[in-house]
Amino acid sequence: MISLANRSLVTIDDFSNAEIEAVFSLADEMSDAVTRQSDLCRGKILASLFFEPSTRTRMSFEAAMHRLGGDVISVMEMGSTSLSKGESIADMARIVGSYADIIVIRHPWEGAAKVVADYAGVPVINAGDGGHEHPTQTLCDLYTLKKERNTLEGLKIALWGDLKYGRTTHSLAYALARFGATIHFRPGAGLGLPQHVIRKLTKEYGGILESYGESGGTKSDKTFPLDAIYVTPSNPHQLTNIPGINIQIEMEKGVDALYVTRLQRERLDADAGKDQVYPVVDKKLLKKEQFKETIVMHPLPRVDELAYEIDADPRSMYFKQAAHGVPIRMALMALLLGAKEADIRETVHNYARKKGYPVYKCNSGVKCENKKCVTAQPTETRYIKPEFIIVETKPLTLRCLYCEHEAVPPYFASLKWHEGKLENKQYYPSHSYMAERIRPENLIIFGSERDAESQGFYPSLHPHISEKKV
Amino acid sequence: MISLANRSLVTIDDFSNAEIEAVFSLADEMSDAVTRQSDLCRGKILASLFFEPSTRTRMSFEAAMHRLGGDVISVMEMGSTSLSKGESIADMARIVGSYADIIVIRHPWEGAAKVVADYAGVPVINAGDGGHEHPTQTLCDLYTLKKERNTLEGLKIALWGDLKYGRTTHSLAYALARFGATIHFRPGAGLGLPQHVIRKLTKEYGGILESYGESGGTKSDKTFPLDAIYVTPSNPHQLTNIPGINIQIEMEKGVDALYVTRLQRERLDADAGKDQVYPVVDKKLLKKEQFKETIVMHPLPRVDELAYEIDADPRSMYFKQAAHGVPIRMALMALLLGAKEADIRETVHNYARKKGYPVYKCNSGVKCENKKCVTAQPTETRYIKPEFIIVETKPLTLRCLYCEHEAVPPYFASLKWHEGKLENKQYYPSHSYMAERIRPENLIIFGSERDAESQGFYPSLHPHISEKKV
Amino acid sequence: MISLANRSLVTIDDFSNAEIEAVFSLADEMSDAVTRQSDLCRGKILASLFFEPSTRTRMSFEAAMHRLGGDVISVMEMGSTSLSKGESIADMARIVGSYADIIVIRHPWEGAAKVVADYAGVPVINAGDGGHEHPTQTLCDLYTLKKERNTLEGLKIALWGDLKYGRTTHSLAYALARFGATIHFRPGAGLGLPQHVIRKLTKEYGGILESYGESGGTKSDKTFPLDAIYVTPSNPHQLTNIPGINIQIEMEKGVDALYVTRLQRERLDADAGKDQVYPVVDKKLLKKEQFKETIVMHPLPRVDELAYEIDADPRSMYFKQAAHGVPIRMALMALLLGAKEADIRETVHNYARKKGYPVYKCNSGVKCENKKCVTAQPTETRYIKPEFIIVETKPLTLRCLYCEHEAVPPYFASLKWHEGKLENKQYYPSHSYMAERIRPENLIIFGSERDAESQGFYPSLHPHISEKKV
């Protein structure tokens, strides 16, 4: 048994596969006790900080804390807080951390939960930071799969609906990759996976993505136009299908679970939504042979993509999925508060070879371009130093460590290798092959030519830069 | 002792007179213990869902749950919820029902509490659904009468003020009728009882209403212009006065309680409110002989209809009435959670011969016309089937089972008696005497002539219909 | 040990110095137990009524109640309450007082907490009533000083920043005066102490204020332009410096604590804020010799006046100060609920000779002119009788007992001394020397000449009045 006390859960990657499984086995214990008062966390206080609307998530956290015998202090909505007086998230975190034993936060700024975790001095759980992460939703999703399929390893899952803006879908896809899943993607029109998610799934989690475009699927089977199939390559059973997956065979075999998300109309243009082609799960669909054994999941709230007529179908898991929120959050908080220890099993396998990326050490010349990033907010720039990792060298690409948005900075150079020889003190555009040659610890980035030159660097003489300079 | 566990309280009619008295005897026990921590409901969670403003009601429910040793999770206000994401009440109910052990809900849509009760899977208490019902307020009112008058049976009560919009007044009147009361109505100008309330009191509860118009009362006694007197006919003591109640004698005998409600200015036109003639209870009024023994009640908040000068008068009960909210709600929740059983006494009498009405089985051709009805909301039509009962046949009148609004549909027919003979397949206008002849289980309603004809029915040949067709 | 049960804390003056010290010694006990569940207040309910935004104060009260084992019912924000239905504060107080065992209130109306305390029937704690008082903030400030300096008596404190609008600064200054402090004031431009605060400090608390104007301080030391020094004269150690305090020497000796407040931009004109000269505490400042032993305090939230770079400095106390909010409020509530008794020590000295003022008995002719005063609100005038004390006679000046604003009424007279002789029934303008001669119990005030004359008084024949009458 291993203590997870004083850990925080900001992204799902903060927990290993074995730790996730340990949360689940404790949640099983909690499910049995969920209506009985527990004294596990008596005297403990949860600070429930919701700066964006939420019913389900907030109530399930608060119910979970009460089921554990603890108490809750809460903040709901932006208007009712001192943030309107210009207080920084770090100050709020330090103060609330001195009142409460554990903090759960939902905030519109991406990366906000990381800041709270950095300053609070108590365990912090991210309940959604803008479009960034919502890891306890992913835990509920995985726990539902585990309960219904008895394993998380090597599942075949179909993700349908809004794959572009659906934060929960992205997190679930990463987590499934770590457990060796095969994923079928079927987006609504124009709502396919964004490039950064595809890159993460393939480069970072090492899987293979076979794309069919939105015209994918057979003509005779309009209801199931696969967009892409993702396979974790370290999964031996599935590798046999790669390359050249036979899409027709794949589809006929069916999937373990069909995970649908709602169309987030508020994200679309007013016109775009009207004629939106969007998958709908109804009785007729569930009669198809390939869904005979398939469970239906949805993070809720639903709009039209799940017909009410299937609510009574035993394959419909979305209300169970929501109900799992309480035991999962009980288990999680009991672990982070040190009221329970984690049963870490060596046998849990990690299928994704997740890459570590070098850090950009010389914190200058680059800011996160994401306007919703916590590092871009006037109240936060007073104390947050932006931090980046180098995720690509062709072209040179940096990822913000707060919100995980990626950007290609305009120019770079090496701080070291010219060793004082001014003629070597050159800077390069981001697409230069030199990005591969400079060691990350020597890298310096410039926001503009003037920035570079004001620091004593000269334009590169290599052809690729001279093209630009003409 | 009888268990009320897992019951819901959506309208005051959900509880029999004996059950109401059982709540009151448990509330007496609770009153003694109200400042001592009880462990009756330790480990239980109340979900307090308030989608409309409320201080008193919400706080007294939450205080009651804490006094019972339980915990509370809450939602306040529309903006802070997933309803803004288009979630249906049924979905919310199912999810919250998986987090909490009991739900209390206030919602602007009429009939919303019934939907929550239908889907939550846990006991649900209606804390006000639009203008429809607020049964725990009625329980507090009745409990105050019981405590001060030692009985609920055969009381004489004056209801003053806004009798048109005052939801609490209507519910109280029905409940008083069930306990055999005589009621004196004295509305503010233009704020008399609506027709549907009068119909319910007379037809459904079987009482007699003697109306005097707003000019009622004697000229010499302007402060007490009775509008109407209602008598439950099954009350033997009072039957002697009927018909031809001597209003002067009635008035001089005084009343057990004077129940006043505030003028809801927000419901009136801007101009209407200015010169509103409205009853005021002050020191001068209470000096009158007929009020010597009368207690003064008010659901609060007050505006100008209760002078502050009478707050210290021992007959003023409105703060006690509010304070009773906690023990009443403690008793109610302890019963619905099964932590206590109800002491049902056979001796409690039911004075009103409440009628059962036939259900309109063929759910077609009619929708609730009330725009605030839960069945009329876009998010709810996806799954709610409107349901109606037939409360009148002259003309044919249906009452919505959700919001209890009544409407006269345009056309109807019988599904059965023509037995295939096309010439008998006739439809009738709602005022036709045929409404009385068709058995409710055979009734079919049409929203328009075209509806009827598209389903193979022909206009009736009876004169009353031909008049219309000319 | 003395019980403080059923007392309220509306202004810091409601507690004697010895009582404040008793709160602090209990807070020391609570600090040790703050993360362990206490059963001191099990079964008790705190009503947390916040009609203005607050994170810190509300959460620390609620956390404190939970740490004591009690429960919380809460109201946040104006919109969600029955106040919007026109309910008075007194009615709300009576009702909430029947639900809860103790009330904490923040309200925008000045004097609102006094009204709640007058009507609730349970202990009431003022958590801020408009610009009036916020006594638990002062307790936290004093407690931080006590913990860091081991005594509250005879400290030397610098108050920097917004001394004009900063409610917390005024309360702290009064409290420091009571404990015999020397205070250095350094306001932002145009943000000096208001006249009524200066009058209170000098006339009421009996201290001496030596003013230097905003050009005070030496030219060579621009960072420390003292505006004024305040000395409690009963403090023997400091009296030696008076009169003719050598400002240069004073400054070089340093201070025990530097208390900074934020610029409340929302109070300033849009333009005024832009070029505002405002003190900033940063690393450079703290390197100065005179601050070597000085602790830095701030009520938070900060804006730019405290640089983040000093957060790690051991002299920075502002996060500790906020954290003290929980044990202080635990101690306070345990005392007011009678769960603990106060350890009153005779040795605690009171340095300020606080004056008692005569009450204006004849409650007529004068209303509080402060638009934010609770007595000036339409919902409250129905029952509140304004009350005033006479704080000056040159000119005649009255202070509202609710909001403590002071005003000079236009005319006055004596009700008694003319003893029926009409020629003596004269009224005077407020600047007349006659104000000193009339005994307070005989004083009557008039809002206008017409008021006076309609009550049978005649203009004074003394020259000062005839000037006015010409």
# chains A, B, ... in the order shown; residues from 1 in each chain; ligands from 1
$ closest_atom_pairs --of "chain A" --to "chain B" --cutoff "8 Å" --atoms "only C-alpha atoms" --output "CSV"
residue,atom,partner,partner_atom,distance
A:Thr35,CA,B:Gly43,CA,7.0
A:Arg36,CA,B:Gly43,CA,5.8
A:Gln37,CA,B:Gly43,CA,4.0
A:Ser38,CA,B:Gly43,CA,7.5
A:Glu52,CA,B:Ser80,CA,7.7
A:Pro53,CA,B:Ser80,CA,4.6
A:Ser54,CA,B:Thr81,CA,5.4
A:Thr55,CA,B:Thr81,CA,5.1
A:Arg56,CA,B:Ile95,CA,7.4
A:Met59,CA,B:Ile73,CA,6.2
A:Ser60,CA,B:Tyr99,CA,6.3
A:Glu62,CA,B:Ile73,CA,6.4
A:Ala63,CA,B:Tyr99,CA,6.2
A:His66,CA,B:Asp71,CA,6.5
A:Arg67,CA,B:Gly43,CA,6.5
A:Gly69,CA,B:Gly43,CA,7.5
A:Met76,CA,B:Ser80,CA,7.7
A:Glu77,CA,B:Ser80,CA,7.2
A:Pro301,CA,B:Glu87,CA,5.4
A:Arg302,CA,B:Glu87,CA,6.4
A:Val303,CA,B:Gly86,CA,6.4
A:Tyr308,CA,B:Tyr383,CA,6.3
A:Phe319,CA,B:Ile95,CA,6.5
A:Ala322,CA,B:Ile95,CA,6.4
A:Ala323,CA,B:Ser98,CA,5.3
A:Val326,CA,B:Tyr99,CA,6.6
$ residues_around --residues "Lys361 (chain A)" --least-positions-apart "6" --cutoff "9 Å" --atoms "only C-alpha atoms" --output "list in words"
Glu387, Phe388, Ile389, Pro440, Glu441, Asn442, Leu443 and Ile444 of chain A
$ residues_around --residues "region 366-371 of chain C" --least-positions-apart "2" --cutoff "8 Å" --atoms "only C-alpha atoms" --output "list in words"
Asn363, Ser364, Cys373, Thr375, Ala376, Gln377, Pro386, Cys400, Cys403, His405, Ala407, Pro409, Ile445, Phe446 and Gly447 of chain C
$ write_last_selection --atoms "C-alpha atoms" --output "PDB file, in the first residue's frame"
ATOM      1  CA  ASN C 363     -36.281  61.584  18.486  1.00  0.00           C
ATOM      2  CA  SER C 364     -37.525  64.206  16.074  1.00  0.00           C
ATOM      3  CA  CYS C 373     -27.371  54.163   6.367  1.00  0.00           C
ATOM      4  CA  THR C 375     -32.164  53.942   8.754  1.00  0.00           C
ATOM      5  CA  ALA C 376     -32.492  55.689   5.367  1.00  0.00           C
ATOM      6  CA  GLN C 377     -33.806  52.641   3.454  1.00  0.00           C
ATOM      7  CA  PRO C 386     -33.255  56.833  14.141  1.00  0.00           C
ATOM      8  CA  CYS C 400     -26.096  58.299  14.025  1.00  0.00           C
ATOM      9  CA  CYS C 403     -23.913  54.010  10.814  1.00  0.00           C
ATOM     10  CA  HIS C 405     -22.008  59.193  10.353  1.00  0.00           C
ATOM     11  CA  ALA C 407     -24.046  65.696  10.762  1.00  0.00           C
ATOM     12  CA  PRO C 409     -28.548  69.828  12.032  1.00  0.00           C
ATOM     13  CA  ILE C 445     -33.799  69.612  16.803  1.00  0.00           C
ATOM     14  CA  PHE C 446     -35.564  71.094  13.817  1.00  0.00           C
ATOM     15  CA  GLY C 447     -34.991  70.255  10.182  1.00  0.00           C
TER      16      GLY C 447
END
$ atom_distance --atom1 "CA of Glu133 (chain B)" --atom2 "CA of Ile89 (chain C)"
27.1 Å
$ closest_residue --among "C:Val115, C:Ala27, C:Met317, C:Ala18" --to "Thr381 (chain C)" --atoms "only C-alpha atoms"
C:Val115
$ select_by_dssp --residues "region 6-208 of chain A" --states "strand (DSSP E)" --output "compact mmCIF listing (two decimals) with N, CA and C atoms, in the first residue's frame"
# COMPACT_ATOMS: atom_id res chain seq x y z
N ILE A 45 -12.09 19.46 5.70
CA ILE A 45 -12.87 20.44 4.95
C ILE A 45 -12.43 20.47 3.50
N LEU A 46 -13.41 20.31 2.61
CA LEU A 46 -13.19 20.47 1.18
C LEU A 46 -13.57 21.90 0.80
N ALA A 47 -12.67 22.62 0.13
CA ALA A 47 -13.05 23.90 -0.46
C ALA A 47 -13.44 23.64 -1.91
N SER A 48 -14.69 23.94 -2.22
CA SER A 48 -15.25 23.66 -3.54
C SER A 48 -15.36 24.98 -4.29
N LEU A 49 -14.40 25.23 -5.19
CA LEU A 49 -14.28 26.54 -5.84
C LEU A 49 -14.72 26.44 -7.29
N PHE A 50 -15.93 26.89 -7.59
CA PHE A 50 -16.45 26.77 -8.95
C PHE A 50 -16.67 28.15 -9.54
N ASP A 71 -16.68 18.07 5.71
CA ASP A 71 -17.49 19.25 5.47
C ASP A 71 -17.01 19.99 4.23
N VAL A 72 -17.82 20.94 3.79
CA VAL A 72 -17.55 21.64 2.54
C VAL A 72 -17.71 23.14 2.73
N ILE A 73 -16.76 23.91 2.23
CA ILE A 73 -16.98 25.35 2.08
C ILE A 73 -16.89 25.62 0.59
N SER A 74 -17.75 26.52 0.09
CA SER A 74 -17.79 26.62 -1.37
C SER A 74 -17.89 28.04 -1.87
N VAL A 75 -17.39 28.22 -3.07
CA VAL A 75 -17.55 29.46 -3.82
C VAL A 75 -18.16 29.07 -5.16
N MET A 76 -19.25 29.73 -5.52
CA MET A 76 -19.85 29.50 -6.83
C MET A 76 -19.89 30.79 -7.60
N ILE A 102 -8.41 20.28 1.50
CA ILE A 102 -8.30 19.85 0.11
C ILE A 102 -9.15 20.80 -0.72
N ILE A 103 -8.72 21.04 -1.95
CA ILE A 103 -9.40 22.01 -2.81
C ILE A 103 -9.81 21.34 -4.12
N VAL A 104 -11.03 21.59 -4.55
CA VAL A 104 -11.41 21.23 -5.92
C VAL A 104 -11.75 22.52 -6.64
N ILE A 105 -11.22 22.69 -7.85
CA ILE A 105 -11.44 23.95 -8.56
C ILE A 105 -11.87 23.74 -10.00
N ARG A 106 -12.90 24.52 -10.40
CA ARG A 106 -13.23 24.68 -11.82
C ARG A 106 -13.07 26.15 -12.14
N HIS A 107 -12.38 26.42 -13.25
CA HIS A 107 -12.06 27.81 -13.59
C HIS A 107 -11.99 27.95 -15.10
N VAL A 124 -4.92 19.45 -4.49
CA VAL A 124 -5.84 20.18 -5.36
C VAL A 124 -6.32 19.23 -6.47
N ILE A 125 -7.62 19.26 -6.72
CA ILE A 125 -8.20 18.46 -7.79
C ILE A 125 -8.78 19.39 -8.84
N ASN A 126 -8.38 19.18 -10.09
CA ASN A 126 -8.87 19.98 -11.21
C ASN A 126 -10.24 19.44 -11.64
N ALA A 127 -11.25 20.29 -11.51
CA ALA A 127 -12.60 19.90 -11.94
C ALA A 127 -12.95 20.58 -13.25
N GLY A 128 -11.91 20.89 -14.03
CA GLY A 128 -12.14 21.54 -15.31
C GLY A 128 -11.51 22.92 -15.34
N ASP A 129 -10.47 23.10 -16.15
CA ASP A 129 -9.87 24.44 -16.30
C ASP A 129 -9.98 24.84 -17.76
N LYS A 156 -11.95 -1.85 -27.14
CA LYS A 156 -12.23 -1.20 -28.41
C LYS A 156 -13.40 -0.23 -28.18
N ILE A 157 -13.13 1.05 -28.38
CA ILE A 157 -14.08 2.09 -28.00
C ILE A 157 -14.38 2.97 -29.20
N ALA A 158 -15.65 3.31 -29.39
CA ALA A 158 -16.02 4.27 -30.43
C ALA A 158 -16.32 5.61 -29.79
N LEU A 159 -15.65 6.67 -30.28
CA LEU A 159 -15.92 8.03 -29.79
C LEU A 159 -16.66 8.78 -30.87
N TRP A 160 -17.89 9.23 -30.56
CA TRP A 160 -18.76 9.85 -31.55
C TRP A 160 -19.13 11.26 -31.11
N GLY A 161 -19.27 12.11 -32.09
CA GLY A 161 -19.87 13.41 -31.80
C GLY A 161 -18.89 14.55 -31.98
N THR A 182 -8.07 0.33 -28.76
CA THR A 182 -8.32 0.70 -30.15
C THR A 182 -9.50 1.66 -30.13
N ILE A 183 -9.38 2.78 -30.82
CA ILE A 183 -10.44 3.79 -30.78
C ILE A 183 -10.95 4.06 -32.18
N HIS A 184 -12.26 4.03 -32.35
CA HIS A 184 -12.89 4.44 -33.61
C HIS A 184 -13.45 5.85 -33.44
N PHE A 185 -13.03 6.75 -34.30
CA PHE A 185 -13.52 8.13 -34.19
C PHE A 185 -14.60 8.40 -35.23
N ARG A 186 -15.71 8.96 -34.79
CA ARG A 186 -16.75 9.38 -35.74
C ARG A 186 -17.29 10.74 -35.33
N PRO A 187 -16.72 11.78 -35.91
CA PRO A 187 -17.11 13.14 -35.51
C PRO A 187 -18.35 13.61 -36.24
N ILE A 208 -0.93 4.41 -33.71
CA ILE A 208 -1.08 4.59 -35.14
C ILE A 208 -2.50 5.04 -35.42
$ residues_around --residues "Tyr428 (chain A)" --least-positions-apart "6" --cutoff "8 Å" --atoms "only C-alpha atoms" --output "ChimeraX atom specification"
/A:411-413,434,459-460,465
$ write_last_selection --atoms "N, CA, C and O atoms" --output "compact mmCIF listing (two decimals), in the first residue's frame"
# COMPACT_ATOMS: atom_id res chain seq x y z
N TYR A 411 11.79 33.03 -34.10
CA TYR A 411 13.24 32.89 -34.26
C TYR A 411 13.88 32.24 -33.05
O TYR A 411 13.35 32.33 -31.95
N PHE A 412 15.06 31.63 -33.31
CA PHE A 412 15.79 31.03 -32.19
C PHE A 412 17.28 31.11 -32.46
O PHE A 412 17.72 31.43 -33.56
N ALA A 413 18.05 30.79 -31.42
CA ALA A 413 19.52 30.75 -31.56
C ALA A 413 20.08 29.85 -30.47
O ALA A 413 19.31 29.33 -29.64
N MET A 434 18.35 23.87 -38.04
CA MET A 434 19.25 24.09 -36.90
C MET A 434 18.56 23.77 -35.57
O MET A 434 19.24 23.52 -34.57
N PRO A 459 21.47 37.79 -38.19
CA PRO A 459 20.69 36.86 -39.01
C PRO A 459 21.57 35.73 -39.53
O PRO A 459 22.74 35.95 -39.85
N SER A 460 21.02 34.56 -39.62
CA SER A 460 21.77 33.42 -40.12
C SER A 460 22.12 33.65 -41.58
O SER A 460 21.36 34.26 -42.33
N ILE A 465 17.37 31.35 -44.32
CA ILE A 465 17.03 32.62 -43.68
C ILE A 465 17.10 33.76 -44.69
O ILE A 465 16.30 34.68 -44.66
$ atom_distance --atom1 "CA of Leu145 (chain A)" --atom2 "CA of Gly325 (chain A)"
13.4 Å
$ atom_distance --atom1 "CA of Leu306 (chain B)" --atom2 "CA of Gln264 (chain B)"
14.1 Å
$ select_by_dssp --residues "region 91-219 of chain B" --states "alpha helix (DSSP H)" --output "number ranges by chain"
B: 91-99, 112-120, 135-149, 167-178, 195-199
$ residues_around --residues "Arg439 (chain B)" --least-positions-apart "3" --cutoff "10 Å" --atoms "only C-alpha atoms" --output "number ranges by chain"
B: 358, 414-417, 435-436, 442-443
$ write_last_selection --atoms "N, CA and C atoms" --output "tab-separated table (two decimals), in the first residue's frame"
chain	number	residue	atom	x	y	z
B	358	PRO	N	-62.02	10.93	-14.13
B	358	PRO	CA	-61.49	9.96	-15.10
B	358	PRO	C	-60.30	10.54	-15.86
B	414	SER	N	-65.92	9.90	-30.07
B	414	SER	CA	-65.74	8.61	-29.40
B	414	SER	C	-64.93	7.70	-30.31
B	415	LEU	N	-63.98	7.01	-29.71
B	415	LEU	CA	-63.16	6.08	-30.49
B	415	LEU	C	-63.90	4.79	-30.76
B	416	LYS	N	-64.92	4.49	-29.96
B	416	LYS	CA	-65.48	3.15	-29.97
B	416	LYS	C	-66.88	3.04	-30.54
B	417	TRP	N	-67.85	3.79	-30.15
B	417	TRP	CA	-69.24	3.38	-30.32
B	417	TRP	C	-69.74	3.31	-31.77
B	435	ALA	N	-70.58	15.10	-24.78
B	435	ALA	CA	-69.43	14.88	-23.90
B	435	ALA	C	-69.81	14.03	-22.70
B	436	GLU	N	-71.06	14.19	-22.25
B	436	GLU	CA	-71.51	13.41	-21.10
B	436	GLU	C	-71.72	11.94	-21.42
B	442	ASN	N	-63.14	5.96	-24.02
B	442	ASN	CA	-63.32	6.01	-25.48
B	442	ASN	C	-63.10	7.40	-26.07
B	443	LEU	N	-62.88	8.37	-25.20
B	443	LEU	CA	-62.79	9.76	-25.66
B	443	LEU	C	-61.53	10.02	-26.49
$ residues_around --residues "region 1-7 of chain B" --least-positions-apart "6" --cutoff "10 Å" --atoms "only C-alpha atoms" --output "JSON, numbers by chain"
{"B": [14, 15, 19, 22, 101, 102, 117, 121, 122, 123, 124, 125, 332, 333, 334, 335, 336, 337, 338, 339, 340, 341, 342, 343, 344, 345]}
$ write_last_selection --atoms "C-alpha atoms" --output "tab-separated table (two decimals), in the first residue's frame"
chain	number	residue	atom	x	y	z
B	14	ASP	CA	-50.36	13.56	-1.51
B	15	PHE	CA	-50.91	13.28	2.25
B	19	GLU	CA	-50.80	11.60	7.59
B	22	ALA	CA	-48.84	12.35	11.99
B	101	ASP	CA	-30.98	10.61	-0.35
B	102	ILE	CA	-33.78	13.18	-0.61
B	117	ALA	CA	-40.47	12.96	-8.23
B	121	GLY	CA	-35.69	7.48	-7.45
B	122	VAL	CA	-35.53	9.16	-4.01
B	123	PRO	CA	-38.19	11.10	-2.04
B	124	VAL	CA	-38.88	14.57	-3.48
B	125	ILE	CA	-40.42	17.56	-1.70
B	332	LEU	CA	-41.31	15.49	7.12
B	333	MET	CA	-37.80	14.53	6.04
B	334	ALA	CA	-37.37	12.04	8.90
B	335	LEU	CA	-40.58	10.33	7.72
B	336	LEU	CA	-39.76	10.32	4.00
B	337	LEU	CA	-36.25	9.03	4.72
B	338	GLY	CA	-37.71	6.24	6.84
B	339	ALA	CA	-35.83	7.42	9.93
B	340	LYS	CA	-39.19	7.65	11.74
B	341	GLU	CA	-42.59	6.09	11.21
B	342	ALA	CA	-45.90	7.89	11.09
B	343	ASP	CA	-48.35	7.65	13.96
B	344	ILE	CA	-51.56	7.32	11.93
B	345	ARG	CA	-54.69	7.76	14.05
$ residues_around --residues "Arg199 (chain A)" --least-positions-apart "4" --cutoff "12 Å" --atoms "only C-alpha atoms" --output "list in words"
His170, Tyr174, Leu193, Pro194, Gln195, Lys203, Glu204, Tyr205, Gly206, Gly207, Ile208, Leu209, Tyr230, Val391, Glu392 and Glu406 of chain A
$ closest_residue --among "B:Gly130, B:Pro327, B:Gly111, B:Gly456" --to "Phe24 (chain B)" --atoms "only C-alpha atoms"
B:Pro327
